Amino acid sequence: MSRRSGILEFAVLGLLRESPMHGYELRKRLNTSLGVFRAFSYGTLYPCLKTLVVNGWLIEEPANTGEDALTAPLAGRRAKIVYRLTAEGKEHFEELLSQTGPDAYEDEHFAARFAFFGQTSRDVRMRVLEGRRSRLEERLEKMRASLARTRERLDDYTLELQRHGMESVEREVRWLNELIESERAGRDLKGSGSEGSAQQNTTNGAPGNLPRSEDTPRPDLPGDTAT
């Protein structure tokens, strides 16, 4: 399994843990709630769903809404299929949720993990946040060293782009420091205006329901592109 397909499976299981959904609704939630999946297509999602069904983590059920039951036969369409998490699927998702290895610190995987922090234990959240911060501090140190070596050879625009990249990483480190401080103090982000599982917006800034301000840093996450 590729890293990107693994992230998609994780997100699908997490959303279906909240409630059963049909494919269209699930894709809409992936696109709007988890920005990292904005460019995923049905051609990517449905093979993922089939794999999860084969593994026994999901089951397919016909939609039981009256409207679907009446209109589908008349229109010559199949009734919508609803995907429901099985007990084995819930157990598998909870196992994934407890993992704190290096993959959890990478850009796209961290965005998906953060989106489900509301379902994650505090000690796991701390390990993921601290691992992410450590990864970014290493990245920042390399960026500074590279800029110091090449500064004289760069034109003004390339230099400005390099500075912008460094500032983005510095903002995320400050943001992570604030989150880690809140976790250590036992403060709940819900008290600051977030709801349930915070949602990572990879285009417009801070995670979906976190407090916003001009100084609110965001992780600059790559990859709203499908594979």
# chains A, B, ... in the order shown; residues from 1 in each chain; ligands from 1
call {"tool": "closest_atom_pairs", "arguments": {"of": "stretch 128-155 of chain A", "to": "stretch 107-110 of chain A", "cutoff": "9 Å", "atoms": "only C-alpha atoms", "output": "JSON lines"}}
result
{"residue": "A:Val128", "atom": "CA", "partner": "A:Phe110", "partner_atom": "CA", "distance": 8.0}
{"residue": "A:Leu129", "atom": "CA", "partner": "A:Phe110", "partner_atom": "CA", "distance": 8.8}
{"residue": "A:Arg132", "atom": "CA", "partner": "A:Phe110", "partner_atom": "CA", "distance": 7.6}
call {"tool": "residues_around", "arguments": {"residues": "A:Leu85", "least_positions_apart": "3", "cutoff": "12 Å", "atoms": "only C-alpha atoms", "output": "list in words"}}
result
Val12, Leu13, Gly14, Leu15, Leu16, Arg17, Glu18, Ser19, Pro20, Met21, His22, Leu49, Leu52, Val53, Asn55, Gly56, Trp57, Leu58, Ile59, Glu60, Glu61, Val82, Glu88, Gly89, Lys90, Glu91, His92 and Phe93 of chain A
call {"tool": "select_by_dssp", "arguments": {"residues": "stretch 76-151 of chain A", "states": "alpha helix (DSSP H)", "output": "PyMOL selection string"}}
result
chain A and resi 87-97+107-115+122-150
call {"tool": "closest_residue", "arguments": {"among": "A:Arg139, A:Arg184, A:Arg163, A:Arg113", "to": "A:Ser98", "atoms": "only C-alpha atoms"}}
result
A:Arg113
call {"tool": "atom_distance", "arguments": {"atom1": "atom CA of A:Glu94", "atom2": "atom CA of A:Gly6"}}
result
14.5 Å
call {"tool": "residues_around", "arguments": {"residues": "stretch 143-156 of chain A", "least_positions_apart": "3", "cutoff": "12 Å", "atoms": "only C-alpha atoms", "output": "list in words"}}
result
Leu136, Glu137, Glu138, Arg139, Leu140, Leu159, Glu160, Leu161, Gln162, Arg163, His164, Gly165, Met166, Glu167, Ser168, Val169 and Glu170 of chain A
call {"tool": "closest_residue", "arguments": {"among": "A:Ala11, A:Val54, A:Met126, A:Ile81", "to": "A:Thr100", "atoms": "only C-alpha atoms"}}
result
A:Met126
call {"tool": "atom_distance", "arguments": {"atom1": "atom CA of A:Leu34", "atom2": "atom CA of A:Glu181"}}
result
24.6 Å
call {"tool": "closest_residue", "arguments": {"among": "A:Ala63, A:Ala104, A:Val173, A:Leu96", "to": "A:Gly131", "atoms": "only C-alpha atoms"}}
result
A:Ala104
call {"tool": "atom_distance", "arguments": {"atom1": "atom CA of A:Pro47", "atom2": "atom CA of A:Phe114"}}
result
24.5 Å
call {"tool": "closest_residue", "arguments": {"among": "A:Arg127, A:Arg29, A:Lys80, A:Lys50", "to": "A:Glu183", "atoms": "only C-alpha atoms"}}
result
A:Arg127
